[in-house]
$ cat input.cif   # mmCIF, C-alpha atoms
data_data
#
loop_
_atom_site.label_atom_id
_atom_site.label_comp_id
_atom_site.auth_asym_id
_atom_site.auth_seq_id
_atom_site.Cartn_x
_atom_site.Cartn_y
_atom_site.Cartn_z
CA MET E 1 -22.71 -22.86 52.15
CA LYS E 2 -24.82 -19.95 53.38
CA THR E 3 -27.51 -18.70 51.03
CA LYS E 4 -26.09 -15.18 50.93
CA THR E 5 -22.58 -16.43 49.93
CA LEU E 6 -24.07 -18.70 47.29
CA SER E 7 -26.09 -15.85 45.85
CA VAL E 8 -23.03 -13.61 45.61
CA LEU E 9 -21.03 -16.35 43.92
CA LEU E 10 -23.83 -17.02 41.44
CA LEU E 11 -24.11 -13.31 40.65
CA MET E 12 -20.35 -13.00 40.09
CA THR E 13 -20.31 -16.06 37.83
CA THR E 14 -23.20 -14.70 35.76
CA PHE E 15 -21.45 -11.34 35.47
CA ILE E 16 -18.16 -12.89 34.37
CA VAL E 17 -19.85 -15.08 31.75
CA ALA E 18 -21.89 -12.14 30.40
CA VAL E 19 -18.83 -9.85 30.17
CA SER E 20 -16.72 -12.51 28.46
CA PHE E 21 -19.07 -12.46 25.45
CA THR E 22 -18.44 -8.74 24.97
CA PHE E 23 -14.67 -9.42 24.58
CA SER E 24 -15.04 -12.22 22.04
CA LYS E 25 -13.71 -11.58 18.49
CA GLN E 26 -16.10 -9.64 16.28
CA GLN E 27 -17.28 -11.31 13.13
CA PRO E 28 -16.50 -9.26 10.02
CA LYS E 29 -19.15 -6.67 9.28
CA PRO E 30 -20.40 -6.36 5.68
CA TRP E 31 -17.76 -4.90 3.34
CA ASN E 32 -19.30 -3.15 0.37
CA VAL E 33 -17.19 -2.86 -2.74
CA PRO E 34 -17.93 -0.12 -5.32
CA GLU E 35 -19.56 -1.61 -8.41
CA LYS E 36 -16.87 -0.46 -10.83
CA ASN E 37 -14.19 -2.13 -8.69
CA ALA E 38 -16.19 -5.33 -8.28
CA LYS E 39 -16.52 -5.60 -12.06
CA MET E 40 -12.82 -5.12 -12.78
CA ALA E 41 -11.42 -8.06 -14.73
CA ASN E 42 -8.25 -9.77 -13.60
CA PRO E 43 -5.60 -8.89 -16.21
CA VAL E 44 -3.16 -11.52 -14.89
CA LYS E 45 -3.58 -15.08 -16.11
CA ALA E 46 -3.59 -17.66 -13.30
CA ASP E 47 -0.62 -19.55 -14.70
CA ALA E 48 2.29 -21.12 -12.77
CA ALA E 49 4.27 -17.86 -12.70
CA SER E 50 1.35 -15.90 -11.26
CA LEU E 51 0.54 -18.56 -8.66
CA ASN E 52 4.21 -18.67 -7.59
CA ALA E 53 4.30 -14.89 -7.29
CA GLY E 54 1.03 -14.92 -5.39
CA LYS E 55 2.24 -17.61 -3.03
CA ALA E 56 5.47 -15.70 -2.33
CA SER E 57 3.54 -12.51 -1.62
CA TRP E 58 1.02 -14.42 0.55
CA SER E 59 3.83 -15.92 2.65
CA LYS E 60 5.41 -12.52 3.24
CA ASN E 61 2.38 -10.25 3.61
CA CYS E 62 -0.70 -12.28 4.52
CA ALA E 63 0.05 -15.60 6.20
CA SER E 64 0.89 -14.12 9.61
CA CYS E 65 -2.78 -13.11 10.07
CA HIS E 66 -4.76 -15.17 7.55
CA GLY E 67 -2.81 -18.40 7.96
CA LYS E 68 -0.79 -20.43 5.51
CA MET E 69 -3.90 -21.75 3.70
CA GLY E 70 -6.19 -18.80 4.35
CA HIS E 71 -8.20 -20.38 7.20
CA GLY E 72 -7.81 -17.31 9.43
CA ASP E 73 -5.45 -19.16 11.78
CA GLY E 74 -2.25 -17.15 11.43
CA SER E 75 0.04 -16.56 14.41
CA LYS E 76 -1.23 -12.98 14.79
CA ALA E 77 -4.90 -13.84 14.28
CA ALA E 78 -5.64 -14.10 18.01
CA LYS E 79 -4.59 -10.47 18.55
CA LEU E 80 -6.92 -9.07 15.90
CA THR E 81 -10.17 -7.32 16.78
CA THR E 82 -11.91 -8.74 13.73
CA HIS E 83 -11.74 -12.40 12.74
CA PRO E 84 -9.59 -12.63 9.59
CA GLY E 85 -12.02 -15.03 7.94
CA ASP E 86 -11.80 -18.47 6.34
CA PHE E 87 -11.06 -17.87 2.66
CA SER E 88 -11.70 -21.49 1.70
CA THR E 89 -15.46 -21.03 2.12
CA ALA E 90 -18.01 -19.96 -0.47
CA THR E 91 -18.40 -16.60 1.31
CA THR E 92 -14.98 -15.55 0.01
CA GLN E 93 -14.72 -17.66 -3.14
CA ALA E 94 -18.04 -16.37 -4.50
CA GLN E 95 -16.66 -12.83 -4.61
CA SER E 96 -15.30 -11.51 -7.89
CA ASP E 97 -11.59 -11.02 -8.56
CA GLY E 98 -12.20 -7.29 -8.63
CA SER E 99 -13.79 -7.38 -5.17
CA LEU E 100 -10.87 -9.29 -3.68
CA PHE E 101 -8.40 -6.95 -5.42
CA TYR E 102 -10.23 -3.95 -3.94
CA LYS E 103 -10.23 -5.34 -0.40
CA ILE E 104 -6.52 -6.25 -0.51
CA SER E 105 -5.65 -2.81 -1.91
CA GLU E 106 -7.83 -0.65 0.35
CA GLY E 107 -7.88 -2.62 3.61
CA ARG E 108 -9.92 -1.63 6.66
CA ASP E 109 -9.48 -1.74 10.45
CA ASP E 110 -6.87 -4.41 11.27
CA MET E 111 -6.24 -5.06 7.59
CA PRO E 112 -3.59 -2.70 6.09
CA ALA E 113 -4.11 -1.07 2.69
CA PHE E 114 -1.66 -3.10 0.68
CA LYS E 115 -1.66 -0.69 -2.24
CA LYS E 116 0.73 1.28 0.01
CA LYS E 117 3.05 -1.69 0.50
CA ILE E 118 2.89 -3.49 -2.85
CA SER E 119 3.84 -1.17 -5.69
CA ASP E 120 3.13 -3.71 -8.46
CA GLU E 121 -0.62 -4.16 -9.15
CA ASP E 122 0.11 -7.42 -10.96
CA GLU E 123 1.40 -8.80 -7.64
CA ILE E 124 -1.97 -8.06 -6.00
CA TRP E 125 -3.83 -9.71 -8.91
CA SER E 126 -1.54 -12.72 -8.47
CA LEU E 127 -2.51 -12.79 -4.78
CA VAL E 128 -6.14 -13.02 -5.91
CA ASN E 129 -5.23 -15.91 -8.23
CA TYR E 130 -3.46 -17.66 -5.37
CA MET E 131 -6.45 -17.17 -3.03
CA ARG E 132 -8.57 -19.20 -5.48
CA THR E 133 -6.42 -22.24 -4.66
CA PHE E 134 -7.82 -22.17 -1.07
CA LYS E 135 -11.24 -23.22 -2.33
CA LYS E 136 -12.50 -26.43 -0.71
CA MET T 1 60.98 10.59 6.09
CA LYS T 2 59.83 12.51 9.15
CA ALA T 3 56.41 11.80 10.48
CA HIS T 4 54.41 14.86 11.47
CA THR T 5 51.00 15.36 12.98
CA THR T 6 50.10 18.41 10.85
CA LEU T 7 46.72 17.96 9.21
CA TYR T 8 46.16 18.80 5.53
CA ARG T 9 42.85 20.27 4.24
CA GLY T 10 41.06 19.79 0.94
CA SER T 11 37.88 20.82 -0.88
CA HIS T 12 34.80 18.99 -2.25
CA LYS T 13 33.63 20.15 -5.67
CA ALA T 14 33.65 16.94 -7.68
CA ALA T 15 30.97 15.23 -5.61
CA LEU T 16 28.63 18.26 -5.85
CA VAL T 17 28.97 18.32 -9.66
CA LEU T 18 28.35 14.56 -9.81
CA PHE T 19 25.24 14.90 -7.65
CA CYS T 20 23.80 17.65 -9.91
CA LEU T 21 24.50 15.63 -13.07
CA LEU T 22 22.92 12.51 -11.66
CA GLY T 23 19.93 14.48 -10.41
CA CYS T 24 19.11 15.08 -14.07
CA LEU T 25 18.94 11.32 -14.80
CA ASN T 26 15.23 10.89 -14.13
CA PHE T 27 14.33 14.04 -16.03
CA LEU T 28 16.25 12.80 -19.08
CA ASN T 29 14.44 9.48 -18.87
CA ALA T 30 10.96 10.94 -18.36
CA GLN T 31 10.98 13.99 -20.61
CA ASP T 32 8.42 14.22 -23.36
CA SER T 33 8.79 16.41 -26.39
CA THR T 34 6.71 19.59 -26.13
CA ALA T 35 6.82 20.22 -29.90
CA VAL T 36 3.43 19.44 -31.43
CA LYS T 37 3.04 18.85 -35.17
CA GLU T 38 -0.17 20.09 -36.76
CA GLU T 39 -1.14 17.10 -38.93
CA ALA T 40 -4.39 15.96 -40.37
CA THR T 41 -3.72 12.28 -39.59
CA ALA T 42 -5.20 10.70 -36.43
CA ALA T 43 -2.92 10.69 -33.38
CA PRO T 44 -1.31 7.28 -32.77
CA ALA T 45 -2.42 5.33 -29.70
CA ALA T 46 -0.37 6.11 -26.60
CA PRO T 47 2.31 3.44 -26.09
CA LYS T 48 1.59 1.05 -23.26
CA LYS T 49 3.67 2.07 -20.22
CA SER T 50 6.28 -0.53 -19.27
CA LYS T 51 5.89 -1.84 -15.74
CA PRO T 52 8.91 -1.93 -13.44
CA VAL T 53 10.26 -5.25 -12.21
CA PRO T 54 9.25 -5.63 -8.54
CA ASN T 55 11.44 -6.78 -5.66
CA THR T 56 14.90 -6.66 -7.22
CA PHE T 57 15.89 -6.27 -3.58
CA GLU T 58 13.48 -6.23 -0.67
CA ASN T 59 15.13 -3.64 1.54
CA ILE T 60 17.15 -0.45 1.12
CA TRP T 61 20.05 -2.23 2.87
CA LEU T 62 22.18 -4.95 1.32
CA LEU T 63 24.39 -5.89 4.28
CA ASP T 64 26.81 -2.92 4.45
CA ASN T 65 25.77 -1.32 1.17
CA GLN T 66 22.60 0.30 -0.03
CA SER T 67 20.47 -1.46 -2.65
CA VAL T 68 18.71 0.16 -5.63
CA MET T 69 15.40 -0.06 -3.77
CA VAL T 70 13.48 3.03 -2.67
CA PRO T 71 10.23 2.21 -0.79
CA MET T 72 6.87 3.61 -1.88
CA LYS T 73 5.97 7.25 -1.37
CA GLY T 74 4.89 7.97 2.18
CA SER T 75 7.00 5.17 3.71
CA PHE T 76 8.96 5.64 6.91
CA GLN T 77 11.63 3.14 7.90
CA LEU T 78 13.54 2.78 11.15
CA ASP T 79 16.96 1.10 11.01
CA PHE T 80 18.86 -0.63 13.82
CA MET T 81 22.30 -1.85 12.80
CA HIS T 82 24.83 -3.63 14.96
CA ARG T 83 28.38 -4.82 14.37
CA PHE T 84 30.23 -6.91 16.93
CA GLY T 85 33.99 -7.25 17.41
CA THR T 86 36.15 -9.52 15.28
CA ILE T 87 35.94 -13.25 15.98
CA ASP T 88 39.72 -13.62 16.23
CA GLY T 89 39.38 -12.38 19.81
CA GLY T 90 38.34 -15.93 20.63
CA TYR T 91 36.62 -16.94 23.87
CA GLN T 92 37.96 -13.91 25.79
CA SER T 93 35.52 -11.70 23.85
CA LEU T 94 33.12 -14.54 23.01
CA PHE T 95 34.27 -14.35 19.38
CA GLY T 96 33.58 -10.63 19.22
CA LEU T 97 30.05 -10.74 20.67
CA PHE T 98 31.27 -9.14 23.92
CA GLY T 99 33.74 -6.66 22.51
CA GLY T 100 34.31 -3.85 19.99
CA ILE T 101 30.70 -3.15 19.14
CA ASN T 102 29.35 -0.47 16.84
CA ILE T 103 25.70 0.58 16.61
CA ARG T 104 23.67 2.74 14.26
CA ILE T 105 20.13 4.06 14.62
CA GLY T 106 18.56 5.72 11.62
CA GLY T 107 15.32 6.92 10.13
CA ASN T 108 14.36 7.13 6.45
CA TYR T 109 11.41 8.78 4.74
CA VAL T 110 10.15 8.82 1.14
CA PRO T 111 8.52 12.24 0.58
CA ARG T 112 8.00 11.74 -3.15
CA GLU T 113 8.15 8.78 -5.48
CA ASN T 114 11.69 7.40 -5.93
CA LEU T 115 13.27 9.87 -3.46
CA LEU T 116 14.46 8.80 -0.02
CA ILE T 117 15.98 11.02 2.64
CA GLY T 118 17.54 9.80 5.84
CA LEU T 119 19.30 10.70 9.04
CA SER T 120 21.30 8.42 11.31
CA LEU T 121 23.63 8.35 14.28
CA THR T 122 26.44 5.81 14.60
CA GLU T 123 28.23 5.11 17.86
CA TYR T 124 31.75 5.10 16.31
CA ASN T 125 33.04 8.68 16.59
CA LEU T 126 29.44 9.79 17.27
CA THR T 127 28.93 10.06 13.53
CA TRP T 128 25.80 11.74 12.25
CA GLU T 129 24.88 11.08 8.63
CA GLY T 130 22.44 12.82 6.35
CA TYR T 131 21.75 11.03 3.10
CA VAL T 132 19.65 11.02 -0.01
CA LYS T 133 18.80 8.27 -2.45
CA TYR T 134 17.13 8.65 -5.84
CA ALA T 135 15.88 5.80 -8.03
CA GLY T 136 16.46 7.35 -11.44
CA LEU T 137 15.81 4.28 -13.59
CA LYS T 138 13.90 1.06 -12.96
CA GLN T 139 14.30 -2.19 -14.83
CA THR T 140 11.10 -2.95 -16.72
CA LYS T 141 9.31 -6.26 -17.25
CA ASP T 142 9.53 -5.95 -21.05
CA ASP T 143 13.28 -5.21 -20.81
CA ARG T 144 12.91 -1.81 -22.45
CA ILE T 145 15.05 -0.67 -19.53
CA PRO T 146 17.42 -3.54 -18.70
CA VAL T 147 18.76 -2.28 -15.37
CA SER T 148 17.75 -0.24 -12.35
CA VAL T 149 19.99 2.73 -11.53
CA THR T 150 19.90 4.59 -8.22
CA TYR T 151 22.08 7.36 -6.83
CA TYR T 152 23.12 7.42 -3.18
CA GLY T 153 24.78 10.40 -1.52
CA ASP T 154 25.86 10.54 2.13
CA MET T 155 27.47 13.23 4.26
CA ALA T 156 29.00 12.14 7.57
CA VAL T 157 30.17 14.35 10.44
CA ASP T 158 32.26 13.31 13.44
CA THR T 159 30.67 15.03 16.45
CA ARG T 160 33.08 13.96 19.17
CA SER T 161 34.00 16.59 21.69
CA ASP T 162 37.39 18.20 20.92
CA PRO T 163 37.95 20.99 23.48
CA THR T 164 41.70 21.34 22.86
CA GLY T 165 41.48 21.13 19.06
CA GLY T 166 43.80 18.16 19.06
CA LEU T 167 41.53 16.14 16.78
CA TYR T 168 40.37 18.74 14.27
CA ALA T 169 41.82 22.17 13.56
CA HIS T 170 38.66 23.27 11.74
CA GLY T 171 34.98 22.32 11.89
CA SER T 172 34.90 21.28 8.24
CA ASP T 173 37.67 18.74 8.97
CA ARG T 174 34.99 16.58 10.60
CA LEU T 175 33.19 15.97 7.29
CA MET T 176 33.30 12.97 4.98
CA PHE T 177 31.30 12.50 1.78
CA PHE T 178 30.17 9.38 -0.04
CA ASN T 179 28.64 9.19 -3.51
CA GLN T 180 27.59 5.94 -5.11
CA ILE T 181 25.83 4.80 -8.28
CA LEU T 182 23.92 1.56 -7.78
CA ILE T 183 23.23 -0.49 -10.91
CA ALA T 184 21.20 -3.66 -10.54
CA ARG T 185 19.37 -6.25 -12.57
CA LYS T 186 16.95 -8.99 -11.55
CA PHE T 187 17.35 -12.27 -13.39
CA GLY T 188 14.18 -14.38 -13.33
CA ASP T 189 12.50 -14.87 -10.02
CA ARG T 190 15.44 -15.82 -7.83
CA PHE T 191 18.60 -13.85 -8.65
CA SER T 192 19.53 -10.19 -8.48
CA ILE T 193 22.95 -8.65 -9.01
CA GLN T 194 24.17 -5.16 -8.20
CA VAL T 195 27.34 -3.29 -9.16
CA ALA T 196 28.06 -0.04 -7.34
CA PRO T 197 31.04 2.21 -8.01
CA SER T 198 31.63 4.85 -5.35
CA LEU T 199 33.64 7.94 -4.54
CA THR T 200 34.60 8.80 -0.97
CA HIS T 201 35.94 12.24 -0.14
CA VAL T 202 37.51 13.17 3.18
CA ASN T 203 38.10 16.81 4.00
CA VAL T 204 41.25 16.19 6.00
CA VAL T 205 44.07 13.68 5.64
CA GLN T 206 47.15 12.97 7.72
CA GLY T 207 50.21 14.92 6.58
CA TYR T 208 53.91 14.21 6.95
CA TYR T 209 57.22 15.86 6.13
CA PRO T 210 59.16 13.69 3.66
CA GLY T 211 62.29 15.76 4.14
CA ASP T 212 62.05 17.67 0.88
CA THR T 213 62.32 21.44 0.82
CA THR T 214 61.30 24.14 -1.65
CA ALA T 215 63.76 26.51 -3.36
CA ASP T 216 63.38 29.01 -0.54
CA GLY T 217 64.10 26.38 2.10
CA LYS T 218 60.52 25.63 3.28
CA SER T 219 59.68 22.05 4.14
CA VAL T 220 57.29 20.31 1.74
CA LEU T 221 54.21 18.76 3.35
CA GLY T 222 53.14 15.41 1.94
CA LYS T 223 49.85 13.51 2.27
CA GLU T 224 49.72 9.97 3.58
CA MET T 225 46.47 9.33 1.70
CA LYS T 226 44.57 11.08 -1.07
CA HIS T 227 41.40 13.02 -0.29
CA ASP T 228 39.40 11.10 -2.89
CA HIS T 229 38.99 7.35 -2.89
CA PHE T 230 37.31 5.24 -5.56
CA ALA T 231 35.91 1.79 -4.86
CA ILE T 232 33.45 -0.66 -6.35
CA ALA T 233 31.00 -3.06 -4.74
CA PHE T 234 29.57 -6.27 -6.19
CA SER T 235 26.47 -7.63 -4.50
CA GLY T 236 23.92 -10.34 -5.08
CA LYS T 237 20.70 -11.82 -3.77
CA VAL T 238 19.63 -15.43 -4.08
CA LYS T 239 16.03 -16.21 -3.11
CA LEU T 240 16.07 -19.42 -1.06
CA ASN T 241 12.33 -19.54 -0.31
CA ASN T 242 9.38 -17.17 0.01
CA THR T 243 10.71 -15.41 3.11
CA LEU T 244 14.46 -16.16 3.13
CA ASN T 245 17.20 -14.68 0.93
CA LEU T 246 20.95 -15.22 0.77
CA LEU T 247 22.91 -11.99 0.36
CA LEU T 248 26.50 -11.78 -0.87
CA ASN T 249 28.77 -8.74 -1.11
CA TYR T 250 32.33 -7.79 -2.04
CA ASP T 251 33.81 -4.27 -1.79
CA GLN T 252 37.05 -3.63 -3.67
CA PRO T 253 39.13 -0.48 -3.12
CA ILE T 254 40.46 1.01 -6.36
CA THR T 255 42.50 4.10 -5.42
CA LYS T 256 46.06 3.42 -4.26
CA HIS T 257 47.37 5.65 -1.48
CA LEU T 258 50.92 6.16 -0.28
CA THR T 259 50.14 4.30 2.93
CA ASN T 260 47.25 2.92 5.05
CA ASN T 261 45.48 1.46 2.04
CA PRO T 262 42.07 0.11 3.12
CA ASN T 263 41.33 -3.60 2.85
CA PRO T 264 38.53 -5.10 0.76
CA ASN T 265 35.37 -6.37 2.41
CA LEU T 266 33.83 -9.77 1.85
CA SER T 267 30.46 -10.43 3.47
CA ALA T 268 27.53 -12.80 3.37
CA GLY T 269 24.22 -12.87 5.18
CA LEU T 270 20.71 -14.21 5.45
CA GLU T 271 17.68 -11.97 5.09
CA ILE T 272 14.20 -12.64 6.46
CA ASN T 273 11.34 -10.45 5.26
CA THR T 274 7.84 -9.88 6.58
CA THR T 275 5.38 -7.26 5.47
CA GLY T 276 6.84 -4.68 7.88
CA HIS T 277 10.20 -6.03 9.05
CA THR T 278 13.48 -7.09 7.52
CA PHE T 279 16.20 -8.93 9.44
CA GLN T 280 19.68 -9.37 7.99
CA VAL T 281 22.30 -11.38 9.86
CA LEU T 282 25.76 -11.14 8.37
CA VAL T 283 29.41 -12.11 8.59
CA GLY T 284 31.90 -9.66 7.07
CA ASN T 285 34.88 -7.36 7.59
CA TYR T 286 33.39 -3.85 7.64
CA ARG T 287 32.87 -2.54 11.19
CA TYR T 288 32.25 1.20 10.80
CA ILE T 289 28.75 1.05 9.22
CA THR T 290 29.28 4.62 7.86
CA PRO T 291 30.00 3.92 4.16
CA SER T 292 32.68 6.58 3.71
CA ARG T 293 34.56 5.34 6.76
CA ASN T 294 34.21 1.70 5.74
CA ASN T 295 35.54 2.29 2.24
CA TYR T 296 38.35 4.66 3.29
CA TYR T 297 39.55 3.21 6.59
CA ASN T 298 38.72 -0.51 6.72
CA ASN T 299 41.70 -2.30 8.25
CA ASN T 300 40.02 -5.66 8.93
CA ASP T 301 41.61 -8.22 6.64
CA TYR T 302 39.59 -11.30 5.66
CA LYS T 303 42.86 -13.07 4.73
CA SER T 304 43.88 -12.78 8.39
CA GLY T 305 40.55 -14.11 9.66
CA GLN T 306 39.30 -10.70 10.87
CA TRP T 307 35.64 -11.47 10.46
CA LEU T 308 32.82 -10.00 12.50
CA ILE T 309 29.17 -10.81 13.02
CA GLY T 310 26.51 -8.16 12.59
CA PHE T 311 22.84 -7.59 11.96
CA ASN T 312 20.49 -5.06 10.38
CA MET T 313 16.91 -4.75 11.60
CA THR T 314 14.42 -2.48 9.87
CA ARG T 315 10.76 -1.65 10.41
CA LEU T 316 8.69 -0.07 7.67
CA TRP T 317 5.52 1.97 8.10
CA ASN T 318 3.29 3.16 5.26
CA TRP T 319 0.99 6.15 5.56
#
$ encode --input "input.cif" --output "structure tokens"
Amino acid sequence: MKTKTLSVLLLMTTFIVAVSFTFSKQQPKPWNVPEKNAKMANPVKADAASLNAGKASWSKNCASCHGKMGHGDGSKAAKLTTHPGDFSTATTQAQSDGSLFYKISEGRDDMPAFKKKISDEDEIWSLVNYMRTFKK
Amino acid sequence: MKAHTTLYRGSHKAALVLFCLLGCLNFLNAQDSTAVKEEATAAPAAPKKSKPVPNTFENIWLLDNQSVMVPMKGSFQLDFMHRFGTIDGGYQSLFGLFGGINIRIGGNYVPRENLLIGLSLTEYNLTWEGYVKYAGLKQTKDDRIPVSVTYYGDMAVDTRSDPTGGLYAHGSDRLMFFNQILIARKFGDRFSIQVAPSLTHVNVVQGYYPGDTTADGKSVLGKEMKHDHFAIAFSGKVKLNNTLNLLLNYDQPITKHLTNNPNPNLSAGLEINTTGHTFQVLVGNYRYITPSRNNYYNNNDYKSGQWLIGFNMTRLWNW
């Protein structure tokens, strides 16, 4: 192959590889939770009724993006700009119940504000209880 | 008895009075006494507010009826509803899928808590509907309030072209009104039941000359049907799993007319819910979608196998 053709091909390949990294999914940026919200105690006991309610709500509202077991592998996950996260890891499980409640309620970017969809706060607290079952 | 095509007009006061009375429901429930006693004793602690039971039903639609549900404030919902022809057409109409369709497109908005307003257009008779729904009472978790009660009011207008006046002598003849009280209770996690009495009013009914005359020799005009029609609906939801519900419904006419009495409706369907969408696939007898027309004019008879397939699709946005 002529040197000129090879050089052009090499340049194109380098360009394509470099550009592909700019379209890869963004990792979640830091999400600061106000202190008073982070310190809120979960008023709903993590009993069977709460876990059942949380599981039902997870299946309907969350699983399509976050996956059935919270690994970030839902059917819609590939279309999201931001990776939905793996909730089984310490990064998520180390957060307080109040922090998780805040993030579910307020949302950001791809994540809807579920306080507008779920009228019962106890249901959101039950979602938090259910998310604790993802822990490895 | 001579048949005659003369149309007979009526008025609509009862439904307006009912609407005003029911509009007071929430105020009666929520009012606090404004009389304050000057006492030296410490004020008692404010009673803990009872929380409403969530998800008695998961959509405003329950097959052909409304449910007690009103979405959260700021919600907008788009409805697509489709009814096919009756299955007794057999293969020639692919069991109704290729014949006798009816379609409705509608939009609903919740401008304030518990209040829904909506507008829709149905293919049958080019019927526009404006409707309002108010959730006056909600069942609470501590059973202080044992049932949810919602009012639904619907005005329908036939907008078909009538250049010769052969269909309607007057503009107001095109109007039909539907008022319904929806009363529901959730039992445990899996079962919900709803009872919904209704009143349909039609502004114009078919007249006929029975052959009687007055003292001065004028022919008496009779009515084939009454202007007002009472009915009652019984509905239920059974939760099969976290995303799938079984819906059941039965509509029973109560008012007896001289002729053309409407048939009851028996329907069942499956409902799939996601965070933004609801899909209901049903088998039933009602084909008109417009509730006043369904209750007043249904001539599909489940005893004769006149079933049809239909679906409701809704999409909900929250702002």
$ resolve_selection --input "input.cif" --expression "the PyMOL selection byres ((chain T) within 7 of (chain E))" --output "list in words"
Pro54, Met72, Asn242, Thr243, Asn273, Thr274, Thr275 and Asn318 of chain T
$ residues_around --input "input.cif" --residues "Thr133 (chain E)" --least-positions-apart "3" --cutoff "10 Å" --atoms "only C-alpha atoms" --output "NGL selection string"
:E and (51 or 55 or 69-70 or 87-88 or 93 or 128-130 or 136)
$ closest_residue --input "input.cif" --among "E:Ala78, E:Lys39, E:Trp31, E:Trp125" --to "Ser105 (chain E)" --atoms "all atoms listed in the file"
E:Trp125
$ residues_around --input "input.cif" --residues "region 122-124 of chain T" --least-positions-apart "6" --cutoff "12 Å" --atoms "all atoms listed in the file" --output "list of chain:residue names"
T:Asp79, T:Phe80, T:Met81, T:His82, T:Arg83, T:Gly100, T:Ile101, T:Asn102, T:Ile103, T:Arg104, T:Ile105, T:Gly106, T:Gly130, T:Ala156, T:Val157, T:Asp158, T:Thr159, T:Arg160, T:Arg287, T:Tyr288, T:Ile289, T:Thr290, T:Pro291, T:Arg293, T:Asn294
$ closest_residue --input "input.cif" --among "E:Ala41, E:Thr5, E:Met131, E:Leu10" --to "His71 (chain E)" --atoms "only C-alpha atoms"
E:Met131
$ resolve_selection --input "input.cif" --expression "the PyMOL selection byres ((chain E and resi 98) around 6)" --output "short mmCIF file (atom, residue, chain, number, x, y, z; two decimals) with C-alpha atoms, in the coordinates of the input"
data_model
loop_
_atom_site.label_atom_id
_atom_site.label_comp_id
_atom_site.auth_asym_id
_atom_site.auth_seq_id
_atom_site.Cartn_x
_atom_site.Cartn_y
_atom_site.Cartn_z
CA ASN E 37 -14.19 -2.13 -8.69
CA ALA E 38 -16.19 -5.33 -8.28
CA LYS E 39 -16.52 -5.60 -12.06
CA MET E 40 -12.82 -5.12 -12.78
CA SER E 96 -15.30 -11.51 -7.89
CA ASP E 97 -11.59 -11.02 -8.56
CA SER E 99 -13.79 -7.38 -5.17
CA LEU E 100 -10.87 -9.29 -3.68
CA PHE E 101 -8.40 -6.95 -5.42
#
